[in-house]
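structure-v6.cif (mmCIF, C-alpha atoms and all ligand atoms) appears below.
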```cif
data_structure
loop_
_atom_site.group_PDB
_atom_site.id
_atom_site.type_symbol
_atom_site.label_atom_id
_atom_site.label_comp_id
_atom_site.auth_asym_id
_atom_site.auth_seq_id
_atom_site.Cartn_x
_atom_site.Cartn_y
_atom_site.Cartn_z
ATOM 1 C CA MET A 23 0.000 0.000 0.000
ATOM 2 C CA LYS A 24 1.255 3.474 -0.889
ATOM 3 C CA VAL A 25 0.207 5.961 1.777
ATOM 4 C CA HIS A 26 1.450 9.483 1.131
ATOM 5 C CA PHE A 27 1.150 11.396 4.369
ATOM 6 C CA THR A 28 1.161 14.665 2.486
ATOM 7 C CA ASP A 29 -2.296 13.715 1.151
ATOM 8 C CA ARG A 30 -5.255 14.834 3.216
ATOM 9 C CA LEU A 31 -7.109 12.359 5.380
ATOM 10 C CA GLU A 32 -10.770 12.169 4.456
ATOM 11 C CA ILE A 33 -13.425 10.410 6.497
ATOM 12 C CA ARG A 34 -16.646 9.662 4.687
ATOM 13 C CA SER A 35 -19.561 7.247 4.468
ATOM 14 C CA ALA A 36 -18.603 3.868 3.089
ATOM 15 C CA GLU A 37 -19.631 2.888 -0.453
ATOM 16 C CA ALA A 38 -20.112 -0.519 -2.091
ATOM 17 C CA LYS A 39 -16.883 -0.022 -4.078
ATOM 18 C CA ASP A 40 -14.898 0.099 -0.765
ATOM 19 C CA GLY A 41 -15.926 -3.467 0.135
ATOM 20 C CA SER A 42 -12.951 -5.310 -1.413
ATOM 21 C CA ALA A 43 -10.376 -2.963 0.126
ATOM 22 C CA VAL A 44 -12.161 -3.257 3.487
ATOM 23 C CA TRP A 45 -11.890 -7.053 3.323
ATOM 24 C CA GLN A 46 -8.139 -6.717 2.621
ATOM 25 C CA LEU A 47 -7.695 -4.219 5.470
ATOM 26 C CA VAL A 48 -9.540 -6.436 7.976
ATOM 27 C CA LYS A 49 -7.529 -9.472 6.848
ATOM 28 C CA GLU A 50 -4.263 -7.592 7.411
ATOM 29 C CA ALA A 51 -5.338 -6.209 10.803
ATOM 30 C CA GLY A 52 -4.701 -9.605 12.410
ATOM 31 C CA THR A 53 -6.916 -9.020 15.452
ATOM 32 C CA LEU A 54 -10.345 -9.147 13.785
ATOM 33 C CA ASP A 55 -12.711 -11.872 12.612
ATOM 34 C CA VAL A 56 -12.495 -11.811 8.824
ATOM 35 C CA ASN A 57 -15.947 -11.865 7.234
ATOM 36 C CA SER A 58 -16.688 -12.549 3.593
ATOM 37 C CA PRO A 59 -16.037 -9.943 0.880
ATOM 38 C CA TYR A 60 -19.790 -10.003 0.245
ATOM 39 C CA CYS A 61 -20.418 -9.080 3.883
ATOM 40 C CA TYR A 62 -18.169 -6.003 3.561
ATOM 41 C CA ILE A 63 -19.697 -4.933 0.247
ATOM 42 C CA MET A 64 -23.143 -5.204 1.810
ATOM 43 C CA LEU A 65 -22.101 -3.307 4.950
ATOM 44 C CA CYS A 66 -20.525 -0.537 2.855
ATOM 45 C CA ASP A 67 -23.651 -0.286 0.732
ATOM 46 C CA ILE A 68 -26.754 -1.033 2.782
ATOM 47 C CA PHE A 69 -25.290 0.063 6.148
ATOM 48 C CA ARG A 70 -23.391 3.049 4.738
ATOM 49 C CA ASP A 71 -25.076 5.480 7.173
ATOM 50 C CA THR A 72 -23.431 3.681 10.085
ATOM 51 C CA CYS A 73 -20.135 2.747 8.406
ATOM 52 C CA ALA A 74 -17.168 5.071 7.901
ATOM 53 C CA ALA A 75 -14.193 4.857 5.559
ATOM 54 C CA ALA A 76 -10.925 6.742 6.148
ATOM 55 C CA VAL A 77 -8.995 7.462 2.962
ATOM 56 C CA ILE A 78 -5.682 9.132 2.222
ATOM 57 C CA GLY A 79 -5.494 9.985 -1.452
ATOM 58 C CA GLU A 80 -6.931 6.902 -3.160
ATOM 59 C CA GLU A 81 -6.035 4.471 -0.366
ATOM 60 C CA LEU A 82 -8.430 3.112 2.201
ATOM 61 C CA VAL A 83 -6.580 3.334 5.536
ATOM 62 C CA GLY A 84 -9.441 2.837 7.975
ATOM 63 C CA PHE A 85 -12.876 1.335 8.273
ATOM 64 C CA MET A 86 -15.511 1.295 10.973
ATOM 65 C CA SER A 87 -18.655 -0.778 10.598
ATOM 66 C CA GLY A 88 -21.713 -0.420 12.732
ATOM 67 C CA TYR A 89 -25.473 -0.497 12.898
ATOM 68 C CA ARG A 90 -28.249 0.835 15.098
ATOM 69 C CA ARG A 91 -29.439 -2.020 17.292
ATOM 70 C CA PRO A 92 -32.921 -3.065 16.118
ATOM 71 C CA ASP A 93 -33.899 -3.760 19.754
ATOM 72 C CA ARG A 94 -32.360 -0.488 21.045
ATOM 73 C CA PRO A 95 -32.478 2.181 18.365
ATOM 74 C CA ASP A 96 -30.705 4.707 20.627
ATOM 75 C CA THR A 97 -27.611 2.470 20.537
ATOM 76 C CA LEU A 98 -24.987 2.499 17.809
ATOM 77 C CA PHE A 99 -23.269 -0.871 17.838
ATOM 78 C CA ILE A 100 -19.777 -0.671 16.373
ATOM 79 C CA TRP A 101 -19.010 -4.020 14.814
ATOM 80 C CA GLN A 102 -15.390 -3.675 13.617
ATOM 81 C CA VAL A 103 -12.677 -1.053 13.645
ATOM 82 C CA ALA A 104 -9.653 -1.456 11.389
ATOM 83 C CA VAL A 105 -6.812 0.988 10.736
ATOM 84 C CA HIS A 106 -3.911 0.131 8.433
ATOM 85 C CA ARG A 107 -0.699 -0.278 10.428
ATOM 86 C CA LYS A 108 1.020 2.451 8.384
ATOM 87 C CA ALA A 109 -1.666 4.920 9.381
ATOM 88 C CA ARG A 110 -1.859 4.111 13.120
ATOM 89 C CA GLY A 111 -1.167 6.643 15.862
ATOM 90 C CA ARG A 112 -2.974 9.449 14.081
ATOM 91 C CA GLY A 113 -6.326 9.204 15.879
ATOM 92 C CA ILE A 114 -8.067 7.818 12.769
ATOM 93 C CA ALA A 115 -10.296 5.391 14.682
ATOM 94 C CA LYS A 116 -11.519 8.097 17.041
ATOM 95 C CA ALA A 117 -12.047 10.461 14.116
ATOM 96 C CA MET A 118 -14.210 7.811 12.366
ATOM 97 C CA LEU A 119 -16.291 7.336 15.518
ATOM 98 C CA ASN A 120 -16.816 11.079 15.913
ATOM 99 C CA GLU A 121 -17.638 11.441 12.219
ATOM 100 C CA LEU A 122 -20.297 8.735 12.508
ATOM 101 C CA LEU A 123 -21.851 10.323 15.583
ATOM 102 C CA ASN A 124 -21.818 13.786 14.027
ATOM 103 C CA ARG A 125 -23.979 12.654 11.107
ATOM 104 C CA GLU A 126 -27.477 14.074 10.967
ATOM 105 C CA GLU A 127 -28.955 10.534 10.835
ATOM 106 C CA GLN A 128 -27.261 9.583 14.121
ATOM 107 C CA GLN A 129 -28.365 12.430 16.359
ATOM 108 C CA ALA A 130 -30.714 10.167 18.356
ATOM 109 C CA VAL A 131 -27.825 7.912 19.390
ATOM 110 C CA LYS A 132 -27.224 8.031 23.141
ATOM 111 C CA TYR A 133 -25.168 4.892 23.622
ATOM 112 C CA VAL A 134 -22.239 3.370 21.773
ATOM 113 C CA GLU A 135 -21.495 -0.328 22.131
ATOM 114 C CA ALA A 136 -18.810 -2.670 20.875
ATOM 115 C CA THR A 137 -17.621 -6.134 21.764
ATOM 116 C CA ILE A 138 -13.875 -6.490 21.995
ATOM 117 C CA GLY A 139 -11.549 -9.448 22.547
ATOM 118 C CA PRO A 140 -8.710 -9.283 25.096
ATOM 119 C CA ALA A 141 -6.031 -9.130 22.360
ATOM 120 C CA ASN A 142 -7.560 -6.075 20.708
ATOM 121 C CA THR A 143 -5.819 -3.445 22.828
ATOM 122 C CA ALA A 144 -6.267 -0.694 20.226
ATOM 123 C CA SER A 145 -10.069 -0.959 20.391
ATOM 124 C CA ARG A 146 -10.097 -1.251 24.182
ATOM 125 C CA ARG A 147 -8.100 1.977 24.336
ATOM 126 C CA LEU A 148 -10.282 3.633 21.708
ATOM 127 C CA PHE A 149 -13.583 3.014 23.485
ATOM 128 C CA SER A 150 -12.295 3.726 27.010
ATOM 129 C CA GLY A 151 -10.698 6.955 25.753
ATOM 130 C CA PHE A 152 -13.829 7.943 23.868
ATOM 131 C CA ALA A 153 -15.959 7.499 27.022
ATOM 132 C CA ALA A 154 -13.499 9.602 29.011
ATOM 133 C CA ASP A 155 -13.558 12.339 26.317
ATOM 134 C CA LYS A 156 -17.347 12.477 26.472
ATOM 135 C CA GLY A 157 -17.488 12.238 30.262
ATOM 136 C CA ALA A 158 -19.737 9.193 29.785
ATOM 137 C CA GLN A 159 -19.848 5.965 31.723
ATOM 138 C CA CYS A 160 -18.234 2.911 30.144
ATOM 139 C CA ARG A 161 -19.598 -0.396 31.419
ATOM 140 C CA ILE A 162 -17.646 -3.506 30.555
ATOM 141 C CA THR A 163 -19.369 -6.884 30.867
ATOM 142 C CA GLU A 164 -18.713 -10.392 29.626
ATOM 143 C CA LYS A 165 -20.763 -10.934 26.484
ATOM 144 C CA TYR A 166 -19.840 -13.810 24.190
ATOM 145 C CA GLY A 167 -17.865 -16.507 25.991
ATOM 146 C CA PRO A 168 -15.587 -18.928 24.106
ATOM 147 C CA GLU A 169 -18.169 -21.720 24.617
ATOM 148 C CA LEU A 170 -20.471 -19.998 22.092
ATOM 149 C CA PHE A 171 -18.007 -20.417 19.267
ATOM 150 C CA PRO A 172 -17.780 -23.629 17.245
ATOM 151 C CA SER A 173 -15.346 -26.248 18.499
ATOM 152 C CA GLY A 174 -12.340 -26.247 16.217
ATOM 153 C CA ALA A 175 -12.674 -22.516 15.637
ATOM 154 C CA SER A 176 -11.334 -21.323 18.968
ATOM 155 C CA HIS A 177 -12.156 -17.742 19.764
ATOM 156 C CA GLU A 178 -11.311 -15.422 22.609
ATOM 157 C CA PRO A 179 -14.197 -14.150 24.750
ATOM 158 C CA GLU A 180 -15.778 -10.907 23.610
ATOM 159 C CA LEU A 181 -16.326 -8.240 26.267
ATOM 160 C CA MET A 182 -19.178 -5.775 25.803
ATOM 161 C CA PHE A 183 -18.281 -2.088 26.152
ATOM 162 C CA ARG A 184 -21.392 0.061 26.583
ATOM 163 C CA ILE A 185 -20.815 3.805 26.687
ATOM 164 C CA GLY A 186 -23.427 6.359 27.632
ATOM 165 C CA PRO A 187 -25.773 7.989 28.003
ATOM 166 C CA MET A 188 -24.058 10.744 26.012
ATOM 167 C CA ARG A 189 -25.193 14.340 26.092
ATOM 168 C CA ARG A 190 -25.492 14.861 22.336
ATOM 169 C CA GLU A 191 -24.691 18.579 22.323
ATOM 170 C CA GLU A 192 -21.291 17.567 23.769
ATOM 171 C CA THR A 193 -20.815 14.810 21.220
ATOM 172 C CA ARG A 194 -20.749 16.997 18.108
ATOM 173 C CA ILE A 195 -17.310 18.406 17.369
HETATM 174 C C1 LIG B 201 -14.705 -3.044 17.875
HETATM 175 C C2 LIG B 201 -14.196 -4.268 17.153
HETATM 176 O O1 LIG B 201 -13.436 -4.151 16.215
HETATM 177 N N1 LIG B 201 -14.650 -5.453 17.604
HETATM 178 C C3 LIG B 201 -14.315 -6.707 16.967
HETATM 179 C C4 LIG B 201 -15.420 -7.699 17.198
HETATM 180 C C5 LIG B 201 -15.132 -9.089 16.605
HETATM 181 N N2 LIG B 201 -14.000 -9.697 17.237
HETATM 182 C C6 LIG B 201 -14.907 -8.970 15.119
HETATM 183 O O2 LIG B 201 -15.886 -8.850 14.382
HETATM 184 O O3 LIG B 201 -13.747 -8.981 14.677
#
```

What does this structure look like when you write it as structure tokens?
Ligand code: 9YT
Amino acid sequence: MKVHFTDRLEIRSAEAKDGSAVWQLVKEAGTLDVNSPYCYIMLCDIFRDTCAAAVIGEELVGFMSGYRRPDRPDTLFIWQVAVHRKARGRGIAKAMLNELLNREEQQAVKYVEATIGPANTASRRLFSGFAADKGAQCRITEKYGPELFPSGASHEPELMFRIGPMRREETRI
């Protein structure tokens, strides 16, 4: 990947054409469950209002997928966060989260959730830091234990991070 740091970072809604690059990015991240290319194309297209792409020049350097929970519409569930290793340390994940929450369509969101495995220190830091920035509570509970995953496909437990309620006037930047 050629990332020219002189190019401007742009954070925007995802589009179907980002799907293949997202799949590649998630595969290279090493800490995430890799879903099918079709899954990423569909997320980028049908769930574009709750998915963000970070691009530098023509290169996709970050992706955040999410959806509003059907059972709790005031909650934005962030499914996956991936930032290319060459673009880390620049606050891109936090910028994607803020960009999502600043969208007109997401103004009713009061809670942000994500499940995170113990090895995913970048996401643990992201969500704890985000809660601290917003002065919001961050509750961490056990969510999906290893026993839920198929035998032969061992998986670390996923902890649920639930942040909120957020005062929305403080959330917009
Ligand atoms: C926030 C985040 O990236 N969570 C990952 C959840 C799960 N392990 C997955 O889909 O990779």

Apply the PyMOL selection byres (((chain A and resi 45) around 8) and not hetatm) to the structure shown and report the selected residues as a list of chain:residue names.
A:Gly41, A:Ser42, A:Ala43, A:Val44, A:Gln46, A:Leu47, A:Val48, A:Lys49, A:Val56, A:Asn57, A:Ser58, A:Pro59, A:Tyr62

Quick one: write out the picked residues with C-alpha atoms as an mmCIF file, in the coordinates of the input?
```cif
data_model
loop_
_atom_site.group_PDB
_atom_site.id
_atom_site.type_symbol
_atom_site.label_atom_id
_atom_site.label_comp_id
_atom_site.auth_asym_id
_atom_site.auth_seq_id
_atom_site.Cartn_x
_atom_site.Cartn_y
_atom_site.Cartn_z
ATOM 1 C CA GLY A 41 -15.926 -3.467 0.135
ATOM 2 C CA SER A 42 -12.951 -5.310 -1.413
ATOM 3 C CA ALA A 43 -10.376 -2.963 0.126
ATOM 4 C CA VAL A 44 -12.161 -3.257 3.487
ATOM 5 C CA GLN A 46 -8.139 -6.717 2.621
ATOM 6 C CA LEU A 47 -7.695 -4.219 5.470
ATOM 7 C CA VAL A 48 -9.540 -6.436 7.976
ATOM 8 C CA LYS A 49 -7.529 -9.472 6.848
ATOM 9 C CA VAL A 56 -12.495 -11.811 8.824
ATOM 10 C CA ASN A 57 -15.947 -11.865 7.234
ATOM 11 C CA SER A 58 -16.688 -12.549 3.593
ATOM 12 C CA PRO A 59 -16.037 -9.943 0.880
ATOM 13 C CA TYR A 62 -18.169 -6.003 3.561
#
```

6 Å from ligand LIG 201 (chain B) is the threshold here; counting all atoms listed in the file, which polymer residues fall inside it? Answer as number ranges by chain.
A: 54-55, 100-103, 136-139, 145

Interatomic distance (Å, one decimal) between CA of Leu119 (chain A) and CA of Met86 (chain A)
7.6 Å

Just want the 12 Å neighbourhood of Glu121 (chain A), counted on all atoms listed in the file, with same-chain residues fewer than 5 positions away dropped. Output as a PDB file with C-alpha atoms, in the coordinates of the input.
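Output contents, as saved in selection.pdb:
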```pdb
ATOM      1  CA  GLU A  32     -10.770  12.169   4.456  1.00  0.00           C
ATOM      2  CA  ILE A  33     -13.425  10.410   6.497  1.00  0.00           C
ATOM      3  CA  ARG A  34     -16.646   9.662   4.687  1.00  0.00           C
ATOM      4  CA  SER A  35     -19.561   7.247   4.468  1.00  0.00           C
ATOM      5  CA  ALA A  36     -18.603   3.868   3.089  1.00  0.00           C
ATOM      6  CA  ASP A  71     -25.076   5.480   7.173  1.00  0.00           C
ATOM      7  CA  THR A  72     -23.431   3.681  10.085  1.00  0.00           C
ATOM      8  CA  CYS A  73     -20.135   2.747   8.406  1.00  0.00           C
ATOM      9  CA  ALA A  74     -17.168   5.071   7.901  1.00  0.00           C
ATOM     10  CA  ALA A  75     -14.193   4.857   5.559  1.00  0.00           C
ATOM     11  CA  ALA A  76     -10.925   6.742   6.148  1.00  0.00           C
ATOM     12  CA  PHE A  85     -12.876   1.335   8.273  1.00  0.00           C
ATOM     13  CA  MET A  86     -15.511   1.295  10.973  1.00  0.00           C
ATOM     14  CA  ILE A 114      -8.067   7.818  12.769  1.00  0.00           C
ATOM     15  CA  ALA A 115     -10.296   5.391  14.682  1.00  0.00           C
ATOM     16  CA  LYS A 116     -11.519   8.097  17.041  1.00  0.00           C
ATOM     17  CA  GLU A 126     -27.477  14.074  10.967  1.00  0.00           C
ATOM     18  CA  GLU A 127     -28.955  10.534  10.835  1.00  0.00           C
ATOM     19  CA  GLN A 128     -27.261   9.583  14.121  1.00  0.00           C
ATOM     20  CA  GLN A 129     -28.365  12.430  16.359  1.00  0.00           C
ATOM     21  CA  THR A 193     -20.815  14.810  21.220  1.00  0.00           C
ATOM     22  CA  ARG A 194     -20.749  16.997  18.108  1.00  0.00           C
ATOM     23  CA  ILE A 195     -17.310  18.406  17.369  1.00  0.00           C
TER      24      ILE A 195
END
```

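Nearest residue to Arg110 (chain A) among A:Thr163, A:Ala175, A:Ala158, A:Gly84 is A:Gly84, counting all atoms listed in the file.
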
Could you check the closest approach to Arg112 (chain A) for each of A:Val83, A:Cys160, A:Ala51, A:Ala153 and tell me which residue wins, using only C-alpha atoms?
A:Val83

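Proximity ranking of A:Gly113, A:Pro187, A:Gly52, A:Pro179 relative to Gly157 (chain A) places A:Pro187 first, based on all atoms listed in the file.
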
Mind pulling up the distance from CA of Tyr60 (chain A) to CA of Arg107 (chain A)?
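Separation between CA of Arg107 (chain A) and CA of Tyr60 (chain A): 23.7 Å.
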
CA of Ala130 (chain A) to CA of Asp96 (chain A): how many Å, to one decimal?
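Atom-to-atom, CA of Ala130 (chain A) to CA of Asp96 (chain A), that is 5.9 Å.
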
Shortest interatomic distance to Asp29 (chain A) - which of A:Arg146, A:Arg125, A:Glu81, A:Phe69, counting all atoms listed in the file:
A:Glu81
